[in-house]
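Dumped protein07.tsv below, it's TSV, C-alpha atoms (C1' of nucleotides):
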chain	number	residue	atom	x	y	z
Z	149	MET	CA	80.66	98.59	107.48
Z	150	THR	CA	84.10	97.20	108.02
Z	151	VAL	CA	84.74	93.56	107.33
Z	152	ILE	CA	87.52	91.05	107.00
Z	153	PHE	CA	85.76	88.30	105.10
Z	154	SER	CA	82.59	88.40	103.03
Z	155	LYS	CA	79.57	86.52	104.36
Z	156	LYS	CA	80.14	83.97	101.63
Z	157	CYS	CA	83.65	83.38	102.92
Z	158	GLU	CA	82.60	83.28	106.57
Z	159	TYR	CA	79.99	80.64	105.80
Z	160	GLY	CA	82.45	78.73	103.64
Z	161	LEU	CA	85.02	78.70	106.43
Z	162	GLN	CA	82.43	77.62	108.98
Z	163	ALA	CA	81.12	74.84	106.73
Z	164	VAL	CA	84.55	73.43	105.94
Z	165	LEU	CA	85.60	73.59	109.59
Z	166	TYR	CA	82.38	71.79	110.43
Z	167	LEU	CA	83.04	69.05	107.89
Z	168	ALA	CA	86.54	68.62	109.27
Z	169	ALA	CA	85.34	68.49	112.85
Z	170	ASN	CA	82.49	66.10	112.28
Z	171	GLU	CA	84.35	63.22	110.66
Z	172	ARG	CA	81.06	61.80	109.56
Z	173	GLY	CA	82.11	61.92	105.93
Z	174	ILE	CA	79.21	62.99	103.77
Z	175	GLU	CA	76.92	65.59	105.33
Z	176	SER	CA	73.96	67.24	103.59
Z	177	ALA	CA	73.79	71.01	103.04
Z	178	ASP	CA	70.62	70.93	105.07
Z	179	ASP	CA	72.32	69.42	108.13
Z	180	ILE	CA	75.28	71.76	107.83
Z	181	ALA	CA	72.98	74.76	107.59
Z	182	LYS	CA	70.94	73.65	110.57
Z	183	ASN	CA	73.95	73.03	112.76
Z	184	LEU	CA	75.58	76.32	111.85
Z	185	ASN	CA	72.31	78.24	111.78
Z	186	ILE	CA	72.98	79.75	108.38
Z	187	PRO	CA	70.86	79.81	105.16
Z	188	LYS	CA	70.75	76.37	103.54
Z	189	GLU	CA	70.50	77.43	99.89
Z	190	PHE	CA	73.37	79.85	100.35
Z	191	VAL	CA	75.76	77.43	102.01
Z	192	SER	CA	74.81	74.88	99.39
Z	193	LYS	CA	75.91	77.26	96.63
Z	194	ILE	CA	79.13	78.03	98.46
Z	195	LEU	CA	79.97	74.35	98.91
Z	196	GLN	CA	79.19	73.76	95.25
Z	197	SER	CA	81.76	76.38	94.34
Z	198	LEU	CA	84.27	74.79	96.71
Z	199	THR	CA	83.93	71.51	94.81
Z	200	VAL	CA	85.26	73.34	91.76
Z	201	SER	CA	88.21	74.52	93.86
Z	202	GLY	CA	88.89	70.93	94.90
Z	203	ILE	CA	88.36	71.59	98.59
Z	204	VAL	CA	85.19	69.56	99.03
Z	205	ILE	CA	83.50	66.83	97.02
Z	206	SER	CA	79.80	66.34	96.57
Z	207	LYS	CA	77.62	63.31	96.19
Z	208	LYS	CA	74.29	63.65	94.44
Z	209	GLY	CA	71.08	61.76	95.06
Z	210	LYS	CA	69.56	60.37	98.22
Z	211	ALA	CA	71.96	60.27	101.17
Z	212	GLY	CA	74.12	62.69	99.21
Z	213	GLY	CA	75.87	65.77	100.49
Z	214	PHE	CA	79.32	67.24	100.89
Z	215	ALA	CA	82.60	66.00	102.34
Z	216	LEU	CA	86.19	67.17	102.42
Z	217	ALA	CA	88.03	66.38	99.21
Z	218	GLN	CA	91.31	66.03	101.05
Z	219	ASP	CA	92.73	64.99	104.38
Z	220	PRO	CA	92.04	67.79	106.89
Z	221	LYS	CA	95.76	67.64	107.62
Z	222	LYS	CA	96.25	69.13	104.16
Z	223	ILE	CA	93.68	71.93	104.12
Z	224	LYS	CA	94.43	75.40	105.49
Z	225	LEU	CA	92.05	78.27	106.13
Z	226	ILE	CA	93.92	80.35	103.57
Z	227	ASP	CA	92.95	77.82	100.89
Z	228	ILE	CA	89.28	78.48	101.55
Z	229	VAL	CA	89.74	82.25	101.69
Z	230	ALA	CA	91.71	82.16	98.45
Z	231	ALA	CA	88.99	80.11	96.78
Z	232	ILE	CA	86.12	82.37	97.87
Z	233	ASP	CA	87.30	85.93	98.51
Z	234	GLY	CA	90.65	85.74	96.79
Z	235	LEU	CA	93.86	87.16	98.22
Z	236	THR	CA	93.51	90.76	97.06
Z	237	MET	CA	93.31	92.10	100.62
Z	238	PHE	CA	96.87	90.92	101.09
Z	239	ASN	CA	97.99	93.08	98.20
Z	240	ASN	CA	95.81	96.19	98.35
Z	241	CYS	CA	96.43	99.36	100.29
Z	242	VAL	CA	94.48	99.63	103.58
Z	243	LEU	CA	93.68	103.24	102.86
Z	244	GLY	CA	92.70	102.58	99.26
Z	245	PHE	CA	95.54	104.60	97.75
Z	246	PRO	CA	96.55	103.45	94.28
Z	247	ASN	CA	100.02	101.99	93.70
Z	248	CYS	CA	100.83	101.67	97.36
Z	249	ASN	CA	104.26	100.04	97.55
Z	250	PRO	CA	107.57	100.48	99.34
Z	251	THR	CA	108.68	103.26	97.00
Z	252	LYS	CA	105.31	105.06	97.11
Z	253	PRO	CA	103.98	104.03	100.52
Z	254	CYS	CA	100.83	105.32	102.17
Z	255	PRO	CA	101.08	106.54	105.76
Z	256	LEU	CA	100.12	103.11	107.13
Z	257	HIS	CA	102.10	101.04	104.65
Z	258	ASP	CA	104.72	99.66	107.03
Z	259	LYS	CA	102.59	99.14	110.10
Z	260	TRP	CA	99.78	97.50	108.21
Z	261	GLY	CA	102.26	95.45	106.21
Z	262	VAL	CA	103.37	93.74	109.39
Z	263	LEU	CA	99.83	93.07	110.63
Z	264	ARG	CA	98.70	91.90	107.23
Z	265	THR	CA	101.51	89.36	107.09
Z	266	GLN	CA	100.64	88.14	110.56
Z	267	THR	CA	97.02	87.80	109.47
Z	268	TYR	CA	98.09	85.80	106.45
Z	269	ASN	CA	100.24	83.60	108.65
Z	270	MET	CA	97.34	83.01	111.02
Z	271	LEU	CA	95.41	81.54	108.10
Z	272	ASN	CA	98.38	79.71	106.64
Z	273	GLU	CA	100.23	78.16	109.55
Z	274	ASP	CA	97.77	75.53	110.75
Z	275	THR	CA	95.81	72.87	108.90
Z	276	ILE	CA	92.14	72.53	109.72
Z	277	ASP	CA	92.52	69.24	111.59
Z	278	THR	CA	94.04	71.44	114.31
Z	279	PHE	CA	90.71	73.14	114.85
Z	280	LYS	CA	88.51	70.09	115.35
Z	281	GLU	CA	88.01	70.37	119.10
Z	282	LYS	CA	87.45	74.09	119.11
Z	283	THR	CA	85.02	73.90	116.21
Z	284	LEU	CA	83.00	71.14	117.85
Z	285	ARG	CA	82.73	73.09	121.07
Z	286	LYS	CA	81.80	76.27	119.24
Z	287	VAL	CA	79.18	74.59	117.05
Z	288	ALA	CA	77.68	72.92	120.11
Z	289	ALA	CA	77.26	76.37	121.62
Z	290	ILE	CA	75.27	77.68	118.67
C	300	MET	CA	85.93	90.27	98.12
C	301	THR	CA	87.74	90.83	101.34
C	302	VAL	CA	88.10	94.30	102.73
C	303	ILE	CA	89.14	96.16	105.83
C	304	PHE	CA	87.41	99.48	105.27
C	305	SER	CA	84.47	100.34	103.03
C	306	LYS	CA	85.16	102.58	100.03
C	307	LYS	CA	83.36	105.33	101.89
C	308	CYS	CA	85.76	104.97	104.78
C	309	GLU	CA	88.84	104.75	102.55
C	310	TYR	CA	87.86	107.97	100.80
C	311	GLY	CA	87.04	109.64	104.10
C	312	LEU	CA	90.42	108.70	105.53
C	313	GLN	CA	92.20	109.91	102.40
C	314	ALA	CA	90.30	113.19	102.37
C	315	VAL	CA	90.93	113.98	106.03
C	316	LEU	CA	94.60	113.05	105.72
C	317	TYR	CA	94.75	115.32	102.71
C	318	LEU	CA	93.19	118.23	104.59
C	319	ALA	CA	95.64	117.71	107.43
C	320	ALA	CA	98.61	117.56	105.09
C	321	ASN	CA	97.69	120.54	103.01
C	322	GLU	CA	97.38	123.17	105.70
C	323	ARG	CA	95.61	125.42	103.23
C	324	GLY	CA	92.56	125.60	105.46
C	325	ILE	CA	89.42	125.48	103.34
C	326	GLU	CA	89.61	123.22	100.32
C	327	SER	CA	86.74	122.48	97.93
C	328	ALA	CA	85.39	118.98	97.42
C	329	ASP	CA	86.29	119.42	93.79
C	330	ASP	CA	89.97	120.06	94.53
C	331	ILE	CA	90.14	117.23	97.04
C	332	ALA	CA	88.55	114.85	94.56
C	333	LYS	CA	90.93	115.89	91.79
C	334	ASN	CA	94.03	115.55	93.93
C	335	LEU	CA	93.02	112.15	95.26
C	336	ASN	CA	91.52	111.00	91.99
C	337	ILE	CA	88.26	109.90	93.56
C	338	PRO	CA	84.62	110.76	92.70
C	339	LYS	CA	83.78	114.35	93.65
C	340	GLU	CA	80.11	113.91	94.53
C	341	PHE	CA	80.93	110.91	96.66
C	342	VAL	CA	83.71	112.52	98.67
C	343	SER	CA	81.51	115.56	99.07
C	344	LYS	CA	78.81	113.45	100.70
C	345	ILE	CA	81.35	111.76	102.94
C	346	LEU	CA	82.79	115.07	104.11
C	347	GLN	CA	79.29	116.37	104.75
C	348	SER	CA	78.69	113.42	107.04
C	349	LEU	CA	82.00	114.08	108.78
C	350	THR	CA	80.83	117.61	109.61
C	351	VAL	CA	78.03	116.02	111.61
C	352	SER	CA	80.65	113.96	113.45
C	353	GLY	CA	82.58	117.13	114.23
C	354	ILE	CA	85.72	116.06	112.38
C	355	VAL	CA	85.55	118.63	109.59
C	356	ILE	CA	83.73	121.91	109.11
C	357	SER	CA	82.25	123.21	105.90
C	358	LYS	CA	81.84	126.65	104.43
C	359	LYS	CA	79.10	127.23	101.92
C	360	GLY	CA	79.05	129.60	98.97
C	361	LYS	CA	81.78	130.76	96.62
C	362	ALA	CA	85.31	129.98	97.88
C	363	GLY	CA	83.68	127.51	100.24
C	364	GLY	CA	84.76	123.98	100.98
C	365	PHE	CA	85.91	121.80	103.83
C	366	ALA	CA	88.54	122.09	106.54
C	367	LEU	CA	89.50	120.21	109.68
C	368	ALA	CA	87.26	121.08	112.61
C	369	GLN	CA	90.06	120.45	115.08
C	370	ASP	CA	93.80	120.66	115.39
C	371	PRO	CA	95.34	117.73	113.48
C	372	LYS	CA	97.20	116.98	116.69
C	373	LYS	CA	93.83	115.96	118.13
C	374	ILE	CA	92.41	113.80	115.35
C	375	LYS	CA	93.19	110.08	115.08
C	376	LEU	CA	92.43	107.70	112.23
C	377	ILE	CA	90.22	105.69	114.53
C	378	ASP	CA	87.95	108.75	114.93
C	379	ILE	CA	87.29	108.76	111.20
C	380	VAL	CA	86.77	105.01	111.03
C	381	ALA	CA	84.40	105.16	113.99
C	382	ALA	CA	82.42	107.96	112.33
C	383	ILE	CA	82.07	106.21	108.96
C	384	ASP	CA	82.29	102.43	109.32
C	385	GLY	CA	81.78	102.17	113.06
C	386	LEU	CA	83.80	99.91	115.33
C	387	THR	CA	81.86	96.67	114.89
C	388	MET	CA	84.81	94.90	113.29
C	389	PHE	CA	86.61	95.21	116.58
C	390	ASN	CA	83.84	93.29	118.28
C	391	ASN	CA	82.66	90.74	115.74
C	392	CYS	CA	83.98	87.24	115.17
C	393	VAL	CA	86.36	86.91	112.19
C	394	LEU	CA	84.68	83.69	111.18
C	395	GLY	CA	81.19	85.08	111.59
C	396	PHE	CA	80.24	82.76	114.44
C	397	PRO	CA	77.58	84.15	116.76
C	398	ASN	CA	78.43	84.93	120.39
C	399	CYS	CA	82.15	84.52	119.92
C	400	ASN	CA	83.71	85.35	123.26
C	401	PRO	CA	86.29	83.98	125.67
C	402	THR	CA	83.89	81.40	127.08
C	403	LYS	CA	82.57	80.37	123.66
C	404	PRO	CA	85.55	81.11	121.41
C	405	CYS	CA	85.82	80.30	117.72
C	406	PRO	CA	88.99	78.53	116.55
C	407	LEU	CA	90.67	81.84	115.70
C	408	HIS	CA	89.42	83.80	118.69
C	409	ASP	CA	92.72	84.23	120.51
C	410	LYS	CA	95.02	84.74	117.55
C	411	TRP	CA	92.72	87.19	115.83
C	412	GLY	CA	92.07	88.95	119.12
C	413	VAL	CA	95.72	89.91	119.33
C	414	LEU	CA	95.92	91.10	115.72
C	415	ARG	CA	92.66	92.98	116.02
C	416	THR	CA	93.92	94.87	119.05
C	417	GLN	CA	97.13	95.71	117.23
C	418	THR	CA	95.07	96.96	114.29
C	419	TYR	CA	93.02	99.12	116.62
C	420	ASN	CA	96.19	100.47	118.17
C	421	MET	CA	97.61	101.28	114.76
C	422	LEU	CA	94.60	103.54	114.18
C	423	ASN	CA	94.56	104.92	117.69
C	424	GLU	CA	98.15	105.59	118.65
C	425	ASP	CA	99.07	108.48	116.34
C	426	THR	CA	97.29	111.73	115.55
C	427	ILE	CA	96.99	112.72	111.90
C	428	ASP	CA	99.54	115.52	112.08
C	429	THR	CA	102.08	112.68	112.25
C	430	PHE	CA	101.17	111.64	108.72
C	431	LYS	CA	101.58	114.99	106.94
C	432	GLU	CA	104.86	114.28	105.16
C	433	LYS	CA	103.92	110.79	104.08
C	434	THR	CA	100.50	111.89	102.88
C	435	LEU	CA	101.96	114.74	100.83
C	436	ARG	CA	104.46	112.42	99.17
C	437	LYS	CA	101.82	109.82	98.48
C	438	VAL	CA	99.32	112.31	97.05
C	439	ALA	CA	102.04	113.80	94.85
C	440	ALA	CA	102.58	110.32	93.44
C	441	ILE	CA	98.94	109.90	92.45
Q	177	DC	C1'	60.17	50.47	89.16
Q	178	DT	C1'	58.83	54.10	92.07
Q	179	DT	C1'	59.42	57.16	95.73
Q	180	DT	C1'	62.33	60.02	98.07
Q	181	DA	C1'	66.05	63.02	99.11
Q	182	DA	C1'	69.82	64.99	97.70
Q	183	DT	C1'	73.00	68.14	94.40
Q	184	DC	C1'	73.16	71.23	90.38
Q	185	DA	C1'	72.38	75.05	87.13
Q	186	DG	C1'	70.61	79.08	86.42
Q	187	DA	C1'	67.25	82.54	87.00
Q	188	DC	C1'	65.33	85.64	90.26
Q	189	DA	C1'	64.71	88.85	94.32
Q	190	DA	C1'	66.09	91.71	98.11
Q	191	DA	C1'	69.35	94.36	100.57
Q	192	DT	C1'	73.32	97.08	100.82
Q	193	DA	C1'	77.04	99.83	98.98
Q	194	DA	C1'	78.76	103.01	95.63
Q	195	DA	C1'	78.03	106.68	92.74
Q	196	DT	C1'	75.38	110.32	90.40
Q	197	DC	C1'	71.97	113.85	89.71
Q	198	DT	C1'	68.88	117.81	90.67
Q	199	DG	C1'	67.43	121.77	92.62
Q	200	DA	C1'	67.87	124.80	96.62
Q	201	DT	C1'	70.57	127.62	99.38
Q	202	DT	C1'	74.52	130.30	100.55
Q	203	DA	C1'	78.27	133.46	100.22
Q	204	DT	C1'	82.02	135.76	97.66
Q	205	DA	C1'	83.56	138.86	94.19
Q	206	DG	C1'	82.98	141.86	90.60
T	293	DC	C1'	72.76	143.76	92.44
T	294	DT	C1'	74.26	140.02	89.71
T	295	DA	C1'	77.02	136.24	88.32
T	296	DT	C1'	79.49	132.59	89.99
T	297	DA	C1'	80.94	128.81	92.70
T	298	DA	C1'	80.43	126.34	96.43
T	299	DT	C1'	77.76	123.18	100.08
T	300	DC	C1'	73.41	120.75	101.24
T	301	DA	C1'	69.36	117.68	101.16
T	302	DG	C1'	67.37	114.21	99.19
T	303	DA	C1'	66.09	111.44	95.32
T	304	DT	C1'	67.77	108.39	91.94
T	305	DT	C1'	70.69	105.12	89.64
T	306	DT	C1'	73.97	101.43	89.26
T	307	DA	C1'	76.69	97.66	91.01
T	308	DT	C1'	77.56	94.20	94.18
T	309	DT	C1'	76.45	91.11	97.71
T	310	DT	C1'	73.31	88.20	99.87
T	311	DG	C1'	69.75	85.16	99.68
T	312	DT	C1'	65.80	82.44	97.44
T	313	DC	C1'	63.34	79.75	94.05
T	314	DT	C1'	62.44	76.41	90.29
T	315	DG	C1'	63.07	72.63	87.67
T	316	DA	C1'	66.33	69.10	86.16
T	317	DT	C1'	69.21	65.39	87.32
T	318	DT	C1'	70.99	61.86	90.19
T	319	DA	C1'	71.17	57.97	93.22
T	320	DA	C1'	69.70	55.26	97.24
T	321	DA	C1'	66.11	52.47	99.36
T	322	DG	C1'	61.90	50.15	99.63
Would you write the structure of this file as C-alpha cells?
Amino acid sequence: MTVIFSKKCEYGLQAVLYLAANERGIESADDIAKNLNIPKEFVSKILQSLTVSGIVISKKGKAGGFALAQDPKKIKLIDIVAAIDGLTMFNNCVLGFPNCNPTKPCPLHDKWGVLRTQTYNMLNEDTIDTFKEKTLRKVAAI
Amino acid sequence: MTVIFSKKCEYGLQAVLYLAANERGIESADDIAKNLNIPKEFVSKILQSLTVSGIVISKKGKAGGFALAQDPKKIKLIDIVAAIDGLTMFNNCVLGFPNCNPTKPCPLHDKWGVLRTQTYNMLNEDTIDTFKEKTLRKVAAI
DNA sequence: CTTTAATCAGACAAATAAATCTGATTATAG
DNA sequence: CTATAATCAGATTTATTTGTCTGATTAAAG
C-alpha cells in the first residue's frame, strides 16, 4: 500500500476542515463522525490529540464537543499534518536510502525534491478558511 | 507517519535498481541485502514476488540468486511500484474523502491532481538503465 | 439534585505491515 | 556421490496502525 497521509491524519484533516466550514462553533465528535462517515471513537481520539497541539479546543459535559482553537484564517493544513503525522516525509528519501542528501543523492533526489516542495507548499500556502465552500459541498455529497 | 511507498516497495525499488546497476547478472539475496544494508529474508521474499510479476528471474541452488528478467532499458520504476504497492495512490483522494472526483472534488482535488500526475510521470518517464551511475554512487555511499 | 450527554484517560482488540524462521527443494562444485 | 549454498513455500513472530470499549469526570438542563 502506498499512502500520503495516515488514516489518523486524513480523518484529522477532514474533521478540522469540517469545523472550519461549519461555523457552528462547538460540534460533538458524534456529529462530526456522522457527517464525515468515519468512526466516532477514532475521530474523538484524534481531536483530543489536536487539543494538545492547540489546533482545536474541547468542551466537556452536555452540549460539549470540539471547536477550532484559532481563527480559521490562521490555521493551515500543514499545521494539522505536522501535529498528527509529523513532517518526516518532507525530509526522508523517497526510495528509502539512508543519508539521501545533495552530496549523496539517490536517483530520484532532485526530481522528487521539487515535487515534495510543491506538496509542502500546497499544504502551507492557504489557510483553512479558504476551503470552506469546497468542504461544505464535499461533505454534503457524502 | 506519512509515507509514499511501503518499506516493501522501497526495498524492492532499491534491489531492482541495484541489479540494474551491477550488471553482474545473478546476484544472491544475501549479497543484495548486505550491499543495501536491508534485511536479507525480507528482500528475498520481495524479489520472489517480483519473479511472479516478471520483473526479475531467480536461479535456485548453489551460485543461484536473482537477476533482471528484462533489459533494464525496458523496466520503469512504475512497474515495480505497480507490482508491489499497486497504483491506488494515483486514484485515491489525498484527504481520504470518498468518491473524490471532478464533479465531487475535495478541497485539494485540483492541486494534488497535478502533483500526483507529475509524481506518476517521474516514475514512468525513465527506464532503470538511466539510473545506473547514480545508483552505483549511492550504494557505494551506504 | 438528578438525569443526560458529552469529553477524557487508558486499556483492549483487530487488522495490517514488517521481519524472521523452518524445512524442503534445487543445483553447483568438489 | 556428497557437501554446500542458494531459492521457495509457508508458518510464525513482532511492531505498528486502526479501531473499540469501559469507567470516570464534567457540565448543562429540567
Between chain Q and chain Z, at 6 Å or less, what are the per-residue closest atom pairs and their distances in Å? Count all atoms listed in the file, order by chain and rising residue number, and return it as a tab-separated table.
residue	atom	partner	partner_atom	distance
Q:DA181	C1'	Z:Lys210	CA	4.5
Q:DA182	C1'	Z:Gly209	CA	4.4
Q:DT183	C1'	Z:Lys208	CA	4.7
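Across the model, the gap from atom CA of Asn390 of chain C to atom CA of Glu309 of chain C is 20.1 Å.
All chain Z residues having an atom within 6 Å of chain C, based on all atoms listed in the file, amount to Z:Met149, Z:Thr150, Z:Val151, Z:Ile152, Z:Phe153, Z:Ser154, Z:Glu158, Z:Asp233, Z:Met237, Z:Leu243, Z:Gly244, Z:Cys254, Z:Pro255, Z:Phe279, Z:Lys282, Z:Lys286.
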Keeping only C-alpha atoms, write the selected residues as a tab-separated table (two decimals), in the frame of the given file.
chain	number	residue	atom	x	y	z
Z	149	MET	CA	80.66	98.59	107.48
Z	150	THR	CA	84.10	97.20	108.02
Z	151	VAL	CA	84.74	93.56	107.33
Z	152	ILE	CA	87.52	91.05	107.00
Z	153	PHE	CA	85.76	88.30	105.10
Z	154	SER	CA	82.59	88.40	103.03
Z	158	GLU	CA	82.60	83.28	106.57
Z	233	ASP	CA	87.30	85.93	98.51
Z	237	MET	CA	93.31	92.10	100.62
Z	243	LEU	CA	93.68	103.24	102.86
Z	244	GLY	CA	92.70	102.58	99.26
Z	254	CYS	CA	100.83	105.32	102.17
Z	255	PRO	CA	101.08	106.54	105.76
Z	279	PHE	CA	90.71	73.14	114.85
Z	282	LYS	CA	87.45	74.09	119.11
Z	286	LYS	CA	81.80	76.27	119.24
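Restricting the calculation to all atoms listed in the file, the smallest distance between chain T and any of C:Glu326, C:Asp428, C:Asn420, C:Asn334 is found for C:Glu326.
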Please identify all polymer residues within 7 Å of Thr275 of chain Z, counting all atoms listed in the file, omitting same-chain residues fewer than 2 positions from it, and present them as a PDB file with C-alpha atoms, in the coordinates of the input.
ATOM      1  CA  PRO Z 220      92.040  67.790 106.890  1.00  0.00           C
ATOM      2  CA  LYS Z 221      95.760  67.640 107.620  1.00  0.00           C
ATOM      3  CA  LYS Z 222      96.250  69.130 104.160  1.00  0.00           C
ATOM      4  CA  ILE Z 223      93.680  71.930 104.120  1.00  0.00           C
ATOM      5  CA  LYS Z 224      94.430  75.400 105.490  1.00  0.00           C
ATOM      6  CA  GLU Z 273     100.230  78.160 109.550  1.00  0.00           C
ATOM      7  CA  ASP Z 277      92.520  69.240 111.590  1.00  0.00           C
ATOM      8  CA  THR Z 278      94.040  71.440 114.310  1.00  0.00           C
TER       9      THR Z 278
END
Closest atom pairs, residues of chain T within 12 Å of chain Z, all atoms listed in the file, as a Markdown table:
| residue | atom | partner | partner_atom | distance |
| --- | --- | --- | --- | --- |
| T:DT308 | C1' | Z:Ser154 | CA | 11.7 |
| T:DT309 | C1' | Z:Ser154 | CA | 8.6 |
| T:DT310 | C1' | Z:Lys155 | CA | 7.9 |
| T:DG311 | C1' | Z:Phe190 | CA | 6.5 |
| T:DT312 | C1' | Z:Glu189 | CA | 7.3 |
| T:DC313 | C1' | Z:Glu189 | CA | 9.5 |
| T:DT317 | C1' | Z:Gly209 | CA | 8.8 |
| T:DT318 | C1' | Z:Gly209 | CA | 4.9 |
| T:DA319 | C1' | Z:Gly209 | CA | 4.2 |
| T:DA320 | C1' | Z:Lys210 | CA | 5.2 |
| T:DA321 | C1' | Z:Lys210 | CA | 8.7 |
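Reported to one decimal place, the separation of atom CA of Thr350 of chain C from atom CA of Ala366 of chain C is 9.4 Å.
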query: What is the distance, in Å and to one decimal place, between atom CA of Val355 of chain C and atom C1' of DA303 of chain T?
result: 25.2 Å
Nearby residues (all atoms listed in the file) at most 12 Å from DA316 of chain T, same-chain spacing under 5 positions excluded, as number ranges by chain: Q: 183-186
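Distances to DT299 of chain T were evaluated for C:Val413, C:Ala368, C:Ala382, C:Leu346 using only C-alpha atoms (C1' of nucleotides), and the minimum falls at C:Leu346.
Candidate residues Z:Val200, Z:Ile205, Z:Ile228, Z:Leu167 were compared for distance to Ala181 of chain Z, and the nearest is Z:Leu167, using only C-alpha atoms.
Distance check against DT180 of chain Q using all atoms listed in the file: of T:DC293, T:DT314, T:DT304, T:DG322, the minimum falls on T:DG322.
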As a PDB file, keeping the file's coordinate frame, the rebuilt segment 231-245 of chain Z with N, CA, C and O atoms:
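Output file result_16.pdb is given in full below:
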ATOM      1  N   ALA Z 231      89.974  80.632  97.720  1.00  0.00           N
ATOM      2  CA  ALA Z 231      88.990  80.110  96.780  1.00  0.00           C
ATOM      3  C   ALA Z 231      87.737  80.992  96.729  1.00  0.00           C
ATOM      4  O   ALA Z 231      87.110  81.126  95.678  1.00  0.00           O
ATOM      5  N   ILE Z 232      87.372  81.608  97.827  1.00  0.00           N
ATOM      6  CA  ILE Z 232      86.120  82.370  97.870  1.00  0.00           C
ATOM      7  C   ILE Z 232      86.333  83.873  97.694  1.00  0.00           C
ATOM      8  O   ILE Z 232      85.772  84.485  96.787  1.00  0.00           O
ATOM      9  N   ASP Z 233      87.108  84.474  98.576  1.00  0.00           N
ATOM     10  CA  ASP Z 233      87.300  85.930  98.510  1.00  0.00           C
ATOM     11  C   ASP Z 233      88.505  86.328  97.674  1.00  0.00           C
ATOM     12  O   ASP Z 233      88.621  87.465  97.252  1.00  0.00           O
ATOM     13  N   GLY Z 234      89.405  85.387  97.465  1.00  0.00           N
ATOM     14  CA  GLY Z 234      90.650  85.740  96.790  1.00  0.00           C
ATOM     15  C   GLY Z 234      91.617  86.372  97.781  1.00  0.00           C
ATOM     16  O   GLY Z 234      91.277  86.594  98.943  1.00  0.00           O
ATOM     17  N   LEU Z 235      92.819  86.666  97.310  1.00  0.00           N
ATOM     18  CA  LEU Z 235      93.860  87.160  98.220  1.00  0.00           C
ATOM     19  C   LEU Z 235      94.169  88.632  98.006  1.00  0.00           C
ATOM     20  O   LEU Z 235      95.219  89.119  98.434  1.00  0.00           O
ATOM     21  N   THR Z 236      93.233  89.348  97.374  1.00  0.00           N
ATOM     22  CA  THR Z 236      93.510  90.760  97.060  1.00  0.00           C
ATOM     23  C   THR Z 236      93.781  91.593  98.310  1.00  0.00           C
ATOM     24  O   THR Z 236      94.588  92.510  98.260  1.00  0.00           O
ATOM     25  N   MET Z 237      93.110  91.284  99.419  1.00  0.00           N
ATOM     26  CA  MET Z 237      93.310  92.100 100.620  1.00  0.00           C
ATOM     27  C   MET Z 237      94.761  92.049 101.098  1.00  0.00           C
ATOM     28  O   MET Z 237      95.191  92.926 101.836  1.00  0.00           O
ATOM     29  N   PHE Z 238      95.474  91.018 100.671  1.00  0.00           N
ATOM     30  CA  PHE Z 238      96.870  90.920 101.090  1.00  0.00           C
ATOM     31  C   PHE Z 238      97.799  91.655 100.125  1.00  0.00           C
ATOM     32  O   PHE Z 238      99.013  91.634 100.271  1.00  0.00           O
ATOM     33  N   ASN Z 239      97.205  92.294  99.142  1.00  0.00           N
ATOM     34  CA  ASN Z 239      97.990  93.080  98.200  1.00  0.00           C
ATOM     35  C   ASN Z 239      97.581  94.551  98.150  1.00  0.00           C
ATOM     36  O   ASN Z 239      98.377  95.401  97.801  1.00  0.00           O
ATOM     37  N   ASN Z 240      96.296  94.815  98.495  1.00  0.00           N
ATOM     38  CA  ASN Z 240      95.810  96.190  98.350  1.00  0.00           C
ATOM     39  C   ASN Z 240      96.130  97.070  99.545  1.00  0.00           C
ATOM     40  O   ASN Z 240      96.295  96.587 100.665  1.00  0.00           O
ATOM     41  N   CYS Z 241      96.163  98.349  99.264  1.00  0.00           N
ATOM     42  CA  CYS Z 241      96.430  99.360 100.290  1.00  0.00           C
ATOM     43  C   CYS Z 241      95.254  99.447 101.262  1.00  0.00           C
ATOM     44  O   CYS Z 241      94.105  99.473 100.843  1.00  0.00           O
ATOM     45  N   VAL Z 242      95.550  99.496 102.574  1.00  0.00           N
ATOM     46  CA  VAL Z 242      94.480  99.630 103.580  1.00  0.00           C
ATOM     47  C   VAL Z 242      93.693 100.904 103.397  1.00  0.00           C
ATOM     48  O   VAL Z 242      92.513 100.953 103.715  1.00  0.00           O
ATOM     49  N   LEU Z 243      94.345 101.944 102.964  1.00  0.00           N
ATOM     50  CA  LEU Z 243      93.680 103.240 102.860  1.00  0.00           C
ATOM     51  C   LEU Z 243      93.099 103.457 101.474  1.00  0.00           C
ATOM     52  O   LEU Z 243      92.521 104.498 101.179  1.00  0.00           O
ATOM     53  N   GLY Z 244      93.276 102.486 100.599  1.00  0.00           N
ATOM     54  CA  GLY Z 244      92.700 102.580  99.260  1.00  0.00           C
ATOM     55  C   GLY Z 244      93.497 103.426  98.288  1.00  0.00           C
ATOM     56  O   GLY Z 244      93.028 103.722  97.193  1.00  0.00           O
ATOM     57  N   PHE Z 245      94.700 103.829  98.676  1.00  0.00           N
ATOM     58  CA  PHE Z 245      95.540 104.600  97.750  1.00  0.00           C
ATOM     59  C   PHE Z 245      95.996 103.690  96.609  1.00  0.00           C
ATOM     60  O   PHE Z 245      96.319 102.515  96.835  1.00  0.00           O
TER      61      PHE Z 245
END
